[in-house]
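Coordinates as given in final-v3.pdb (PDB, C-alpha atoms and all ligand atoms):
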```
ATOM      1  CA  MET A   1     -26.226  -7.782 -59.771  1.00  0.00           C
ATOM      2  CA  LEU A   2     -28.736  -5.320 -61.061  1.00  0.00           C
ATOM      3  CA  LYS A   3     -26.220  -2.535 -61.648  1.00  0.00           C
ATOM      4  CA  GLU A   4     -24.147  -4.811 -63.885  1.00  0.00           C
ATOM      5  CA  ASP A   5     -27.242  -5.734 -65.840  1.00  0.00           C
ATOM      6  CA  LEU A   6     -28.334  -2.141 -66.317  1.00  0.00           C
ATOM      7  CA  ASP A   7     -24.794  -1.213 -67.372  1.00  0.00           C
ATOM      8  CA  LEU A   8     -24.687  -4.108 -69.826  1.00  0.00           C
ATOM      9  CA  PHE A   9     -27.872  -2.924 -71.480  1.00  0.00           C
ATOM     10  CA  SER A  10     -26.984   0.735 -71.592  1.00  0.00           C
ATOM     11  CA  LYS A  11     -23.505  -0.096 -72.977  1.00  0.00           C
ATOM     12  CA  SER A  12     -25.207  -2.184 -75.632  1.00  0.00           C
ATOM     13  CA  GLY A  13     -27.055   0.946 -76.715  1.00  0.00           C
ATOM     14  CA  ILE A  14     -30.383   0.274 -75.037  1.00  0.00           C
ATOM     15  CA  LYS A  15     -31.898   3.430 -73.593  1.00  0.00           C
ATOM     16  CA  ILE A  16     -32.749   3.212 -69.925  1.00  0.00           C
ATOM     17  CA  PRO A  17     -33.927   6.031 -67.656  1.00  0.00           C
ATOM     18  CA  ASN A  18     -31.436   7.751 -65.351  1.00  0.00           C
ATOM     19  CA  TYR A  19     -31.174   5.768 -62.183  1.00  0.00           C
ATOM     20  CA  LEU A  20     -29.580   5.341 -58.782  1.00  0.00           C
ATOM     21  CA  ILE A  21     -29.350   2.172 -56.697  1.00  0.00           C
ATOM     22  CA  ILE A  22     -29.338   2.732 -52.933  1.00  0.00           C
ATOM     23  CA  LYS A  23     -28.914   0.249 -50.103  1.00  0.00           C
ATOM     24  CA  PRO A  24     -31.259   0.724 -47.129  1.00  0.00           C
ATOM     25  CA  ASN A  25     -29.838   3.441 -44.815  1.00  0.00           C
ATOM     26  CA  GLU A  26     -27.164   4.417 -47.330  1.00  0.00           C
ATOM     27  CA  GLU A  27     -26.601   8.141 -47.932  1.00  0.00           C
ATOM     28  CA  PHE A  28     -27.211   9.316 -51.470  1.00  0.00           C
ATOM     29  CA  LYS A  29     -27.290  12.309 -53.743  1.00  0.00           C
ATOM     30  CA  LEU A  30     -30.240  12.323 -56.080  1.00  0.00           C
ATOM     31  CA  PHE A  31     -29.851  13.150 -59.784  1.00  0.00           C
ATOM     32  CA  ASN A  32     -32.098  15.847 -61.224  1.00  0.00           C
ATOM     33  CA  ALA A  33     -35.403  14.882 -62.796  1.00  0.00           C
ATOM     34  CA  LYS A  34     -38.899  16.295 -63.086  1.00  0.00           C
ATOM     35  CA  LYS A  35     -40.468  13.234 -61.459  1.00  0.00           C
ATOM     36  CA  TYR A  36     -39.122   9.998 -60.005  1.00  0.00           C
ATOM     37  CA  VAL A  37     -40.086   6.351 -59.685  1.00  0.00           C
ATOM     38  CA  VAL A  38     -39.140   4.552 -56.475  1.00  0.00           C
ATOM     39  CA  LYS A  39     -38.827   0.745 -56.615  1.00  0.00           C
ATOM     40  CA  ALA A  40     -37.973  -1.682 -53.857  1.00  0.00           C
ATOM     41  CA  LEU A  41     -35.695  -4.488 -55.015  1.00  0.00           C
ATOM     42  CA  GLY A  42     -35.108  -7.867 -53.490  1.00  0.00           C
ATOM     43  CA  GLU A  43     -35.055 -11.564 -54.242  1.00  0.00           C
ATOM     44  CA  LYS A  44     -38.568 -11.887 -52.830  1.00  0.00           C
ATOM     45  CA  LEU A  45     -39.847  -8.921 -54.857  1.00  0.00           C
ATOM     46  CA  LEU A  46     -39.699 -10.318 -58.389  1.00  0.00           C
ATOM     47  CA  HIS A  47     -43.061  -8.965 -59.489  1.00  0.00           C
ATOM     48  CA  LYS A  48     -42.627  -5.589 -57.924  1.00  0.00           C
ATOM     49  CA  SER A  49     -45.971  -3.949 -58.601  1.00  0.00           C
ATOM     50  CA  ASP A  50     -47.887  -7.032 -57.397  1.00  0.00           C
ATOM     51  CA  MET A  51     -46.038  -6.596 -54.106  1.00  0.00           C
ATOM     52  CA  GLY A  52     -46.735  -2.872 -54.026  1.00  0.00           C
ATOM     53  CA  ALA A  53     -43.022  -2.218 -54.489  1.00  0.00           C
ATOM     54  CA  VAL A  54     -43.272   0.405 -57.246  1.00  0.00           C
ATOM     55  CA  LYS A  55     -44.254   4.013 -56.658  1.00  0.00           C
ATOM     56  CA  VAL A  56     -44.485   6.144 -59.797  1.00  0.00           C
ATOM     57  CA  ASN A  57     -44.803   9.896 -60.245  1.00  0.00           C
ATOM     58  CA  VAL A  58     -42.908  10.855 -57.088  1.00  0.00           C
ATOM     59  CA  GLU A  59     -41.795  14.444 -56.438  1.00  0.00           C
ATOM     60  CA  ARG A  60     -38.184  15.025 -55.483  1.00  0.00           C
ATOM     61  CA  GLU A  61     -39.005  15.952 -51.879  1.00  0.00           C
ATOM     62  CA  ASP A  62     -41.079  12.772 -51.464  1.00  0.00           C
ATOM     63  CA  VAL A  63     -38.471  10.267 -52.640  1.00  0.00           C
ATOM     64  CA  GLU A  64     -37.160   9.561 -49.143  1.00  0.00           C
ATOM     65  CA  VAL A  65     -40.670   9.429 -47.716  1.00  0.00           C
ATOM     66  CA  GLU A  66     -41.648   6.797 -50.282  1.00  0.00           C
ATOM     67  CA  MET A  67     -38.484   4.804 -49.577  1.00  0.00           C
ATOM     68  CA  ARG A  68     -39.353   4.778 -45.886  1.00  0.00           C
ATOM     69  CA  LYS A  69     -42.941   3.696 -46.599  1.00  0.00           C
ATOM     70  CA  LEU A  70     -41.743   0.822 -48.767  1.00  0.00           C
ATOM     71  CA  ARG A  71     -39.271  -0.242 -46.102  1.00  0.00           C
ATOM     72  CA  ASN A  72     -41.948  -0.156 -43.404  1.00  0.00           C
ATOM     73  CA  ARG A  73     -44.321  -2.207 -45.481  1.00  0.00           C
ATOM     74  CA  LEU A  74     -41.927  -4.708 -47.051  1.00  0.00           C
ATOM     75  CA  GLY A  75     -39.352  -4.897 -44.274  1.00  0.00           C
ATOM     76  CA  LYS A  76     -36.378  -7.200 -44.747  1.00  0.00           C
ATOM     77  CA  ASN A  77     -37.529  -8.103 -48.244  1.00  0.00           C
ATOM     78  CA  VAL A  78     -36.079  -4.786 -49.390  1.00  0.00           C
ATOM     79  CA  GLU A  79     -32.444  -5.364 -50.329  1.00  0.00           C
ATOM     80  CA  ALA A  80     -32.051  -2.096 -52.222  1.00  0.00           C
ATOM     81  CA  PHE A  81     -33.962   0.749 -53.799  1.00  0.00           C
ATOM     82  CA  LEU A  82     -33.935   1.664 -57.441  1.00  0.00           C
ATOM     83  CA  ILE A  83     -34.722   5.330 -58.028  1.00  0.00           C
ATOM     84  CA  GLN A  84     -35.436   6.090 -61.663  1.00  0.00           C
ATOM     85  CA  GLU A  85     -36.353   9.107 -63.648  1.00  0.00           C
ATOM     86  CA  MET A  86     -40.080   8.943 -64.434  1.00  0.00           C
ATOM     87  CA  ALA A  87     -40.521   8.262 -68.144  1.00  0.00           C
ATOM     88  CA  GLU A  88     -43.300   9.951 -70.118  1.00  0.00           C
ATOM     89  CA  LYS A  89     -46.436   7.980 -70.935  1.00  0.00           C
ATOM     90  CA  GLY A  90     -46.276   6.072 -74.192  1.00  0.00           C
ATOM     91  CA  THR A  91     -47.038   2.708 -75.737  1.00  0.00           C
ATOM     92  CA  GLU A  92     -45.792  -0.176 -73.609  1.00  0.00           C
ATOM     93  CA  ILE A  93     -44.319  -3.280 -75.214  1.00  0.00           C
ATOM     94  CA  ILE A  94     -42.368  -6.221 -73.898  1.00  0.00           C
ATOM     95  CA  ILE A  95     -39.338  -7.875 -75.399  1.00  0.00           C
ATOM     96  CA  GLY A  96     -37.996 -11.023 -73.822  1.00  0.00           C
ATOM     97  CA  ALA A  97     -35.451 -13.697 -74.602  1.00  0.00           C
ATOM     98  CA  LYS A  98     -34.838 -17.137 -73.204  1.00  0.00           C
ATOM     99  CA  LYS A  99     -32.459 -20.028 -73.583  1.00  0.00           C
ATOM    100  CA  ASP A 100     -34.585 -22.943 -74.605  1.00  0.00           C
ATOM    101  CA  ALA A 101     -33.053 -26.348 -73.855  1.00  0.00           C
ATOM    102  CA  GLN A 102     -34.231 -27.714 -77.178  1.00  0.00           C
ATOM    103  CA  PHE A 103     -34.148 -24.765 -79.570  1.00  0.00           C
ATOM    104  CA  GLY A 104     -31.505 -22.414 -78.182  1.00  0.00           C
ATOM    105  CA  ASP A 105     -32.020 -18.662 -77.865  1.00  0.00           C
ATOM    106  CA  VAL A 106     -35.589 -17.552 -78.481  1.00  0.00           C
ATOM    107  CA  VAL A 107     -36.838 -13.947 -78.589  1.00  0.00           C
ATOM    108  CA  LEU A 108     -40.364 -12.800 -77.758  1.00  0.00           C
ATOM    109  CA  PHE A 109     -42.203  -9.607 -78.652  1.00  0.00           C
ATOM    110  CA  GLY A 110     -45.611  -8.318 -77.613  1.00  0.00           C
ATOM    111  CA  LEU A 111     -47.590  -5.300 -76.532  1.00  0.00           C
ATOM    112  CA  GLY A 112     -47.462  -4.714 -72.800  1.00  0.00           C
ATOM    113  CA  GLY A 113     -50.188  -5.049 -70.220  1.00  0.00           C
ATOM    114  CA  ILE A 114     -53.338  -7.059 -70.901  1.00  0.00           C
ATOM    115  CA  HIS A 115     -52.293  -7.879 -74.467  1.00  0.00           C
ATOM    116  CA  VAL A 116     -49.678 -10.225 -73.058  1.00  0.00           C
ATOM    117  CA  GLU A 117     -51.304 -11.319 -69.824  1.00  0.00           C
ATOM    118  CA  LEU A 118     -54.838 -11.823 -71.066  1.00  0.00           C
ATOM    119  CA  TYR A 119     -54.641 -12.326 -74.822  1.00  0.00           C
ATOM    120  CA  LYS A 120     -51.191 -13.972 -75.082  1.00  0.00           C
ATOM    121  CA  ASP A 121     -50.723 -11.825 -78.174  1.00  0.00           C
ATOM    122  CA  VAL A 122     -46.993 -12.395 -78.654  1.00  0.00           C
ATOM    123  CA  SER A 123     -44.654 -13.570 -81.380  1.00  0.00           C
ATOM    124  CA  LEU A 124     -41.543 -15.739 -81.070  1.00  0.00           C
ATOM    125  CA  ARG A 125     -38.454 -16.373 -83.191  1.00  0.00           C
ATOM    126  CA  LEU A 126     -35.148 -18.143 -82.864  1.00  0.00           C
ATOM    127  CA  CYS A 127     -32.103 -15.878 -82.528  1.00  0.00           C
ATOM    128  CA  PRO A 128     -30.449 -14.361 -84.468  1.00  0.00           C
ATOM    129  CA  VAL A 129     -33.221 -12.418 -86.179  1.00  0.00           C
ATOM    130  CA  THR A 130     -32.833 -10.212 -89.245  1.00  0.00           C
ATOM    131  CA  LEU A 131     -34.536  -6.845 -89.507  1.00  0.00           C
ATOM    132  CA  ASP A 132     -37.194  -8.465 -91.726  1.00  0.00           C
ATOM    133  CA  ASP A 133     -37.780 -11.221 -89.150  1.00  0.00           C
ATOM    134  CA  ALA A 134     -38.254  -8.555 -86.515  1.00  0.00           C
ATOM    135  CA  TYR A 135     -40.745  -6.644 -88.700  1.00  0.00           C
ATOM    136  CA  GLU A 136     -42.650  -9.907 -89.139  1.00  0.00           C
ATOM    137  CA  MET A 137     -42.717 -10.402 -85.388  1.00  0.00           C
ATOM    138  CA  ILE A 138     -44.298  -6.985 -84.942  1.00  0.00           C
ATOM    139  CA  ASP A 139     -46.824  -7.597 -87.729  1.00  0.00           C
ATOM    140  CA  GLU A 140     -47.925 -10.952 -86.326  1.00  0.00           C
ATOM    141  CA  THR A 141     -49.367  -9.211 -83.276  1.00  0.00           C
ATOM    142  CA  LYS A 142     -51.904  -6.432 -82.753  1.00  0.00           C
ATOM    143  CA  ALA A 143     -48.899  -4.210 -82.161  1.00  0.00           C
ATOM    144  CA  SER A 144     -48.752  -3.335 -85.845  1.00  0.00           C
ATOM    145  CA  VAL A 145     -52.155  -1.612 -85.572  1.00  0.00           C
ATOM    146  CA  ILE A 146     -51.344   0.146 -82.312  1.00  0.00           C
ATOM    147  CA  LEU A 147     -47.890   1.272 -83.508  1.00  0.00           C
ATOM    148  CA  ASN A 148     -49.542   2.799 -86.559  1.00  0.00           C
ATOM    149  CA  GLY A 149     -51.323   5.214 -84.253  1.00  0.00           C
ATOM    150  CA  PHE A 150     -54.661   3.543 -83.514  1.00  0.00           C
ATOM    151  CA  ARG A 151     -57.148   5.670 -81.477  1.00  0.00           C
ATOM    152  CA  GLY A 152     -54.837   8.393 -80.369  1.00  0.00           C
ATOM    153  CA  SER A 153     -51.766   6.282 -79.540  1.00  0.00           C
ATOM    154  CA  PRO A 154     -48.720   7.929 -81.078  1.00  0.00           C
ATOM    155  CA  GLN A 155     -47.353   6.623 -84.353  1.00  0.00           C
ATOM    156  CA  ILE A 156     -44.188   4.658 -83.633  1.00  0.00           C
ATOM    157  CA  ASP A 157     -41.102   4.082 -85.758  1.00  0.00           C
ATOM    158  CA  ARG A 158     -41.349   0.342 -86.507  1.00  0.00           C
ATOM    159  CA  ARG A 159     -37.700   0.222 -87.485  1.00  0.00           C
ATOM    160  CA  MET A 160     -36.712   1.395 -84.003  1.00  0.00           C
ATOM    161  CA  VAL A 161     -38.740  -1.446 -82.472  1.00  0.00           C
ATOM    162  CA  ALA A 162     -37.386  -4.020 -84.922  1.00  0.00           C
ATOM    163  CA  GLN A 163     -33.824  -2.963 -84.138  1.00  0.00           C
ATOM    164  CA  LEU A 164     -34.521  -3.288 -80.441  1.00  0.00           C
ATOM    165  CA  ILE A 165     -35.751  -6.860 -80.938  1.00  0.00           C
ATOM    166  CA  MET A 166     -32.545  -7.654 -82.869  1.00  0.00           C
ATOM    167  CA  LYS A 167     -30.438  -6.075 -80.152  1.00  0.00           C
ATOM    168  CA  VAL A 168     -31.996  -8.176 -77.399  1.00  0.00           C
ATOM    169  CA  CYS A 169     -31.204 -11.298 -79.429  1.00  0.00           C
ATOM    170  CA  GLN A 170     -27.621 -10.121 -79.838  1.00  0.00           C
ATOM    171  CA  ILE A 171     -27.191  -9.469 -76.122  1.00  0.00           C
ATOM    172  CA  MET A 172     -28.556 -12.932 -75.409  1.00  0.00           C
ATOM    173  CA  GLN A 173     -26.147 -14.554 -77.861  1.00  0.00           C
ATOM    174  CA  LYS A 174     -23.105 -12.580 -76.711  1.00  0.00           C
ATOM    175  CA  ASN A 175     -23.699 -13.517 -73.078  1.00  0.00           C
ATOM    176  CA  PRO A 176     -23.981 -17.284 -72.781  1.00  0.00           C
ATOM    177  CA  ASP A 177     -24.387 -17.029 -68.995  1.00  0.00           C
ATOM    178  CA  ILE A 178     -27.709 -15.194 -69.402  1.00  0.00           C
ATOM    179  CA  LYS A 179     -30.667 -17.568 -69.228  1.00  0.00           C
ATOM    180  CA  GLU A 180     -33.421 -15.031 -69.559  1.00  0.00           C
ATOM    181  CA  ILE A 181     -33.987 -11.360 -70.370  1.00  0.00           C
ATOM    182  CA  ASP A 182     -37.203  -9.528 -69.710  1.00  0.00           C
ATOM    183  CA  LEU A 183     -37.713  -5.931 -70.821  1.00  0.00           C
ATOM    184  CA  ASN A 184     -41.185  -5.320 -69.451  1.00  0.00           C
ATOM    185  CA  PRO A 185     -42.111  -2.708 -70.329  1.00  0.00           C
ATOM    186  CA  VAL A 186     -40.249  -0.714 -72.927  1.00  0.00           C
ATOM    187  CA  ILE A 187     -42.169   2.561 -73.303  1.00  0.00           C
ATOM    188  CA  LEU A 188     -42.329   3.728 -76.919  1.00  0.00           C
ATOM    189  CA  TYR A 189     -42.755   7.291 -78.183  1.00  0.00           C
ATOM    190  CA  SER A 190     -43.180   8.722 -81.625  1.00  0.00           C
ATOM    191  CA  ARG A 191     -39.474   9.451 -81.230  1.00  0.00           C
ATOM    192  CA  GLY A 192     -37.390   7.215 -79.019  1.00  0.00           C
ATOM    193  CA  TYR A 193     -38.181   4.837 -76.221  1.00  0.00           C
ATOM    194  CA  SER A 194     -37.244   4.013 -72.637  1.00  0.00           C
ATOM    195  CA  ALA A 195     -36.614   0.514 -71.215  1.00  0.00           C
ATOM    196  CA  VAL A 196     -37.915   1.115 -67.684  1.00  0.00           C
ATOM    197  CA  ASP A 197     -37.841  -2.446 -66.299  1.00  0.00           C
ATOM    198  CA  ILE A 198     -35.016  -4.852 -67.092  1.00  0.00           C
ATOM    199  CA  ARG A 199     -34.798  -8.284 -65.528  1.00  0.00           C
ATOM    200  CA  VAL A 200     -31.934 -10.641 -66.249  1.00  0.00           C
ATOM    201  CA  ILE A 201     -31.622 -14.201 -65.009  1.00  0.00           C
ATOM    202  CA  ARG A 202     -28.151 -15.714 -65.109  1.00  0.00           C
TER     203      ARG A 202
HETATM  204  P1  LIG B   1     -42.719  -4.985 -62.141  1.00  0.00           P
HETATM  205  O1  LIG B   1     -42.794  -5.431 -63.561  1.00  0.00           O
HETATM  206  O2  LIG B   1     -41.692  -5.762 -61.375  1.00  0.00           O
HETATM  207  O3  LIG B   1     -44.040  -4.962 -61.464  1.00  0.00           O
HETATM  208  P2  LIG B   1     -41.911  -2.379 -63.225  1.00  0.00           P
HETATM  209  O4  LIG B   1     -40.543  -1.852 -62.976  1.00  0.00           O
HETATM  210  O5  LIG B   1     -42.201  -2.911 -64.580  1.00  0.00           O
HETATM  211  O6  LIG B   1     -42.204  -3.459 -62.088  1.00  0.00           O
HETATM  212  O7  LIG B   1     -42.953  -1.224 -62.867  1.00  0.00           O
HETATM  213  C1  LIG B   1     -44.355  -1.428 -62.971  1.00  0.00           C
HETATM  214  C2  LIG B   1     -44.984  -0.431 -63.952  1.00  0.00           C
HETATM  215  O8  LIG B   1     -44.700   0.899 -63.560  1.00  0.00           O
HETATM  216  C3  LIG B   1     -44.442  -0.550 -65.371  1.00  0.00           C
HETATM  217  O9  LIG B   1     -45.145  -1.511 -66.112  1.00  0.00           O
HETATM  218  C4  LIG B   1     -44.628   0.852 -65.911  1.00  0.00           C
HETATM  219  O10 LIG B   1     -45.954   1.028 -66.389  1.00  0.00           O
HETATM  220  C5  LIG B   1     -44.442   1.716 -64.678  1.00  0.00           C
HETATM  221  N1  LIG B   1     -43.051   2.221 -64.593  1.00  0.00           N
HETATM  222  C6  LIG B   1     -41.988   1.577 -64.062  1.00  0.00           C
HETATM  223  N2  LIG B   1     -40.868   2.311 -64.148  1.00  0.00           N
HETATM  224  C7  LIG B   1     -41.212   3.466 -64.742  1.00  0.00           C
HETATM  225  C8  LIG B   1     -40.491   4.653 -65.123  1.00  0.00           C
HETATM  226  N3  LIG B   1     -39.180   4.793 -64.875  1.00  0.00           N
HETATM  227  N4  LIG B   1     -41.188   5.644 -65.724  1.00  0.00           N
HETATM  228  C9  LIG B   1     -42.515   5.524 -65.959  1.00  0.00           C
HETATM  229  N5  LIG B   1     -43.244   4.443 -65.645  1.00  0.00           N
HETATM  230  C10 LIG B   1     -42.613   3.413 -65.032  1.00  0.00           C
HETATM  231 MG    MG B   2     -42.137  -4.840 -65.254  1.00  0.00          MG
END
```
Turn this file's structure into structure tokens for me.
Ligand code: ADP
Ligand code: MG
Amino acid sequence: MLKEDLDLFSKSGIKIPNYLIIKPNEEFKLFNAKKYVVKALGEKLLHKSDMGAVKVNVEREDVEVEMRKLRNRLGKNVEAFLIQEMAEKGTEIIIGAKKDAQFGDVVLFGLGGIHVELYKDVSLRLCPVTLDDAYEMIDETKASVILNGFRGSPQIDRRMVAQLIMKVCQIMQKNPDIKEIDLNPVILYSRGYSAVDIRVIR
């Protein structure tokens, strides 16, 4: 399940925030963090924020309160909770991969949020991709401008992003049972990044 997927990604060198998965009514000991994010997980909660299943910026003493609120609102749809460390604000991108019946493994890159949903500003390549392919993918979208530090967004290491695109392709190719990967979003900083939402379909 989800824990396996998160472990697979963190073992593959992808940086994810500290986390804890808790079943409803299970006792738990929270890890230390400045702020937390509380997410309700379940088969019926695929698009979590649309369902009101994500609460960001939660103080330690409010984590259980927020879990209870989610449970009251979403009821039996909640199969587990994912408590994550709250990542700093940054530039959100998405990286996805999919097994295409005709073409094989395909990787997708784009800026997060309205760039993807409204403008469909994404680029696609067949796996495997070289570092140069991955740079091209970035440059084909508006991301190249944003990652250069447009209007106050931090300047981002393009190499770090390109390597992440390559890595997602590699994970896809090493795991033939995976049909789809969705890192949405990965939050980028001038140094480093955090993959805060990982969805895997097997
Ligand atoms: P979904 O895509 O299923 O709606 P996400 O896990 O992507 O749910 O959470 C929704 C949004 O909340 C993300 O796009 C991101 O902006 C923010 N978010 C999620 N997890 C974190 C986190 N650990 N730290 C900071 N922001 C987060
Ligand atoms: Mg998401």
Check your understanding: Residues at most 10 Å from region 86-90 of chain A, counting only C-alpha atoms, excluding those fewer than 4 positions away in the same chain, as a VMD selection string?
Key -> chain A and resid 16 to 19 33 to 38 56 to 59 153 to 154 156 186 to 190 193 to 196
Tell me, counting all atoms listed in the file, for each residue of chain A within 10 Å of ligand MG 2 (chain B), which pair of atoms is nearest and how far apart they are in Å to one decimal, in rows ordered by chain and increasing number, as a tab-separated table.
```
residue	atom	partner	partner_atom	distance
A:Leu46	CA	B:MG2	MG	9.1
A:His47	CA	B:MG2	MG	7.1
A:Lys48	CA	B:MG2	MG	7.4
A:Ser49	CA	B:MG2	MG	7.7
A:Asp50	CA	B:MG2	MG	10.0
A:Val54	CA	B:MG2	MG	9.6
A:Ile94	CA	B:MG2	MG	8.8
A:Gly112	CA	B:MG2	MG	9.2
A:Gly113	CA	B:MG2	MG	9.5
A:Asp182	CA	B:MG2	MG	8.1
A:Leu183	CA	B:MG2	MG	7.2
A:Asn184	CA	B:MG2	MG	4.3
A:Pro185	CA	B:MG2	MG	5.5
A:Val186	CA	B:MG2	MG	8.9
A:Ala195	CA	B:MG2	MG	9.7
A:Val196	CA	B:MG2	MG	7.7
A:Asp197	CA	B:MG2	MG	5.0
A:Ile198	CA	B:MG2	MG	7.4
A:Arg199	CA	B:MG2	MG	8.1
```
Practice item. Write out as a PyMOL selection string which residues come within 10 Å of region 143-148 of chain A when counting all atoms listed in the file, dropping same-chain ones fewer than 4 positions away. Key: chain A and resi 91-93+109-112+115+121-122+135-139+152-158+161+188-190
Build an axis-aligned box that encloses every atom of ligand LIG 1 (chain B) listed in the file, pad it by 3 Å on each side, and report its centre and edge lengths in Å to one decimal, as AutoDock Vina command-line options.
```
--center_x -42.6 --center_y -0.1 --center_z -63.9 --size_x 12.8 --size_y 17.4 --size_z 11.0
```
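Counting only C-alpha atoms and all ligand atoms and comparing A:Leu2, A:Leu30, A:Ala53, A:Leu20, the residue that lies closest to ligand LIG 1 (chain B) is A:Ala53.
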Check your understanding: When the PyMOL selection byres (((chain A and resi 68-70) around 12) and not hetatm) is applied to the file above, which residues end up in the set, as a PyMOL selection string?
Key -> chain A and resi 24-25+38-42+45+48-49+51-55+62-67+71-82
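Between atom C1 of ligand LIG 1 (chain B) and CA of Lys3 (chain A) the interatomic distance comes to 18.2 Å.
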Point to revise | Of the listed residues A:Cys169, A:Leu108, A:Ala101, A:Ile114, that which approaches ligand LIG 1 (chain B) most closely, counting only C-alpha atoms and all ligand atoms | key: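 Smallest separation from ligand LIG 1 (chain B) among the options: A:Ile114.
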Practice item. Could you tell me which of A:Ile83, A:Val106, A:Ile201, A:Ile165 comes closest to ligand LIG 1 (chain B) if we count only C-alpha atoms and all ligand atoms? Key: A:Ile83
Point to revise | Option closest in space to Asp105 (chain A), from A:Met172, A:Ile22, A:Leu6, A:Leu131 [counting all atoms listed in the file] | key: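 When distances to Asp105 (chain A) are compared using all atoms listed in the file, the smallest one comes from A:Met172.
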Practice item. State, in Å with one decimal place, the distance from CA of Asp177 (chain A) to CA of Arg202 (chain A). Key: 5.6 Å
Review point. Quick one, how far is CA of Lys11 (chain A) from CA of Val168 (chain A)?
Key: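 Computing it gives 12.5 Å between the two atoms.
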Check your understanding: With all atoms listed in the file as the basis for distance, which of A:Lys167, A:Arg60, A:Lys174, A:Lys142 is at the shortest distance from Ile95 (chain A)?
Key -> A:Lys167
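Using the PyMOL selection byres (((chain A and resi 99) around 10) and not hetatm) on this structure selects A:Ala97, A:Lys98, A:Asp100, A:Ala101, A:Gln102, A:Phe103, A:Gly104, A:Asp105, A:Val106, A:Val107, A:Leu126, A:Cys127, A:Met172, A:Gln173, A:Pro176, A:Asp177, A:Ile178, A:Lys179, A:Glu180, A:Ile181.
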Since the input has fewer atoms than a full residue there, write region 93-107 of chain A out with N, CA and C atoms, as a PDB file, in the frame of the given file.
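In the end it all went to result.pdb:
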```pdb
ATOM      1  N   ILE A  93     -44.511  -1.955 -74.598  1.00  0.00           N
ATOM      2  CA  ILE A  93     -44.319  -3.280 -75.214  1.00  0.00           C
ATOM      3  C   ILE A  93     -43.412  -4.107 -74.315  1.00  0.00           C
ATOM      4  N   ILE A  94     -43.364  -5.401 -74.572  1.00  0.00           N
ATOM      5  CA  ILE A  94     -42.368  -6.221 -73.898  1.00  0.00           C
ATOM      6  C   ILE A  94     -41.506  -6.942 -74.942  1.00  0.00           C
ATOM      7  N   ILE A  95     -40.244  -7.060 -74.597  1.00  0.00           N
ATOM      8  CA  ILE A  95     -39.338  -7.875 -75.399  1.00  0.00           C
ATOM      9  C   ILE A  95     -38.619  -8.799 -74.422  1.00  0.00           C
ATOM     10  N   GLY A  96     -38.650 -10.075 -74.713  1.00  0.00           N
ATOM     11  CA  GLY A  96     -37.996 -11.023 -73.822  1.00  0.00           C
ATOM     12  C   GLY A  96     -37.122 -11.962 -74.620  1.00  0.00           C
ATOM     13  N   ALA A  97     -36.248 -12.671 -73.936  1.00  0.00           N
ATOM     14  CA  ALA A  97     -35.451 -13.697 -74.602  1.00  0.00           C
ATOM     15  C   ALA A  97     -35.156 -14.782 -73.583  1.00  0.00           C
ATOM     16  N   LYS A  98     -34.983 -15.990 -74.093  1.00  0.00           N
ATOM     17  CA  LYS A  98     -34.838 -17.137 -73.204  1.00  0.00           C
ATOM     18  C   LYS A  98     -33.979 -18.180 -73.874  1.00  0.00           C
ATOM     19  N   LYS A  99     -33.174 -18.870 -73.053  1.00  0.00           N
ATOM     20  CA  LYS A  99     -32.459 -20.028 -73.583  1.00  0.00           C
ATOM     21  C   LYS A  99     -33.381 -21.225 -73.479  1.00  0.00           C
ATOM     22  N   ASP A 100     -33.734 -21.758 -74.611  1.00  0.00           N
ATOM     23  CA  ASP A 100     -34.585 -22.943 -74.605  1.00  0.00           C
ATOM     24  C   ASP A 100     -33.685 -24.168 -74.748  1.00  0.00           C
ATOM     25  N   ALA A 101     -33.916 -25.170 -73.877  1.00  0.00           N
ATOM     26  CA  ALA A 101     -33.053 -26.348 -73.855  1.00  0.00           C
ATOM     27  C   ALA A 101     -33.023 -27.023 -75.226  1.00  0.00           C
ATOM     28  N   GLN A 102     -34.142 -27.013 -75.906  1.00  0.00           N
ATOM     29  CA  GLN A 102     -34.231 -27.714 -77.178  1.00  0.00           C
ATOM     30  C   GLN A 102     -33.820 -26.834 -78.364  1.00  0.00           C
ATOM     31  N   PHE A 103     -34.298 -25.584 -78.372  1.00  0.00           N
ATOM     32  CA  PHE A 103     -34.148 -24.765 -79.570  1.00  0.00           C
ATOM     33  C   PHE A 103     -33.020 -23.733 -79.497  1.00  0.00           C
ATOM     34  N   GLY A 104     -32.508 -23.473 -78.305  1.00  0.00           N
ATOM     35  CA  GLY A 104     -31.505 -22.414 -78.182  1.00  0.00           C
ATOM     36  C   GLY A 104     -32.171 -21.092 -77.842  1.00  0.00           C
ATOM     37  N   ASP A 105     -31.517 -19.979 -78.260  1.00  0.00           N
ATOM     38  CA  ASP A 105     -32.020 -18.662 -77.865  1.00  0.00           C
ATOM     39  C   ASP A 105     -33.283 -18.300 -78.642  1.00  0.00           C
ATOM     40  N   VAL A 106     -34.301 -17.918 -77.892  1.00  0.00           N
ATOM     41  CA  VAL A 106     -35.589 -17.552 -78.481  1.00  0.00           C
ATOM     42  C   VAL A 106     -35.916 -16.128 -78.041  1.00  0.00           C
ATOM     43  N   VAL A 107     -36.454 -15.314 -78.950  1.00  0.00           N
ATOM     44  CA  VAL A 107     -36.838 -13.947 -78.589  1.00  0.00           C
ATOM     45  C   VAL A 107     -38.344 -13.797 -78.709  1.00  0.00           C
TER      46      VAL A 107
END
```
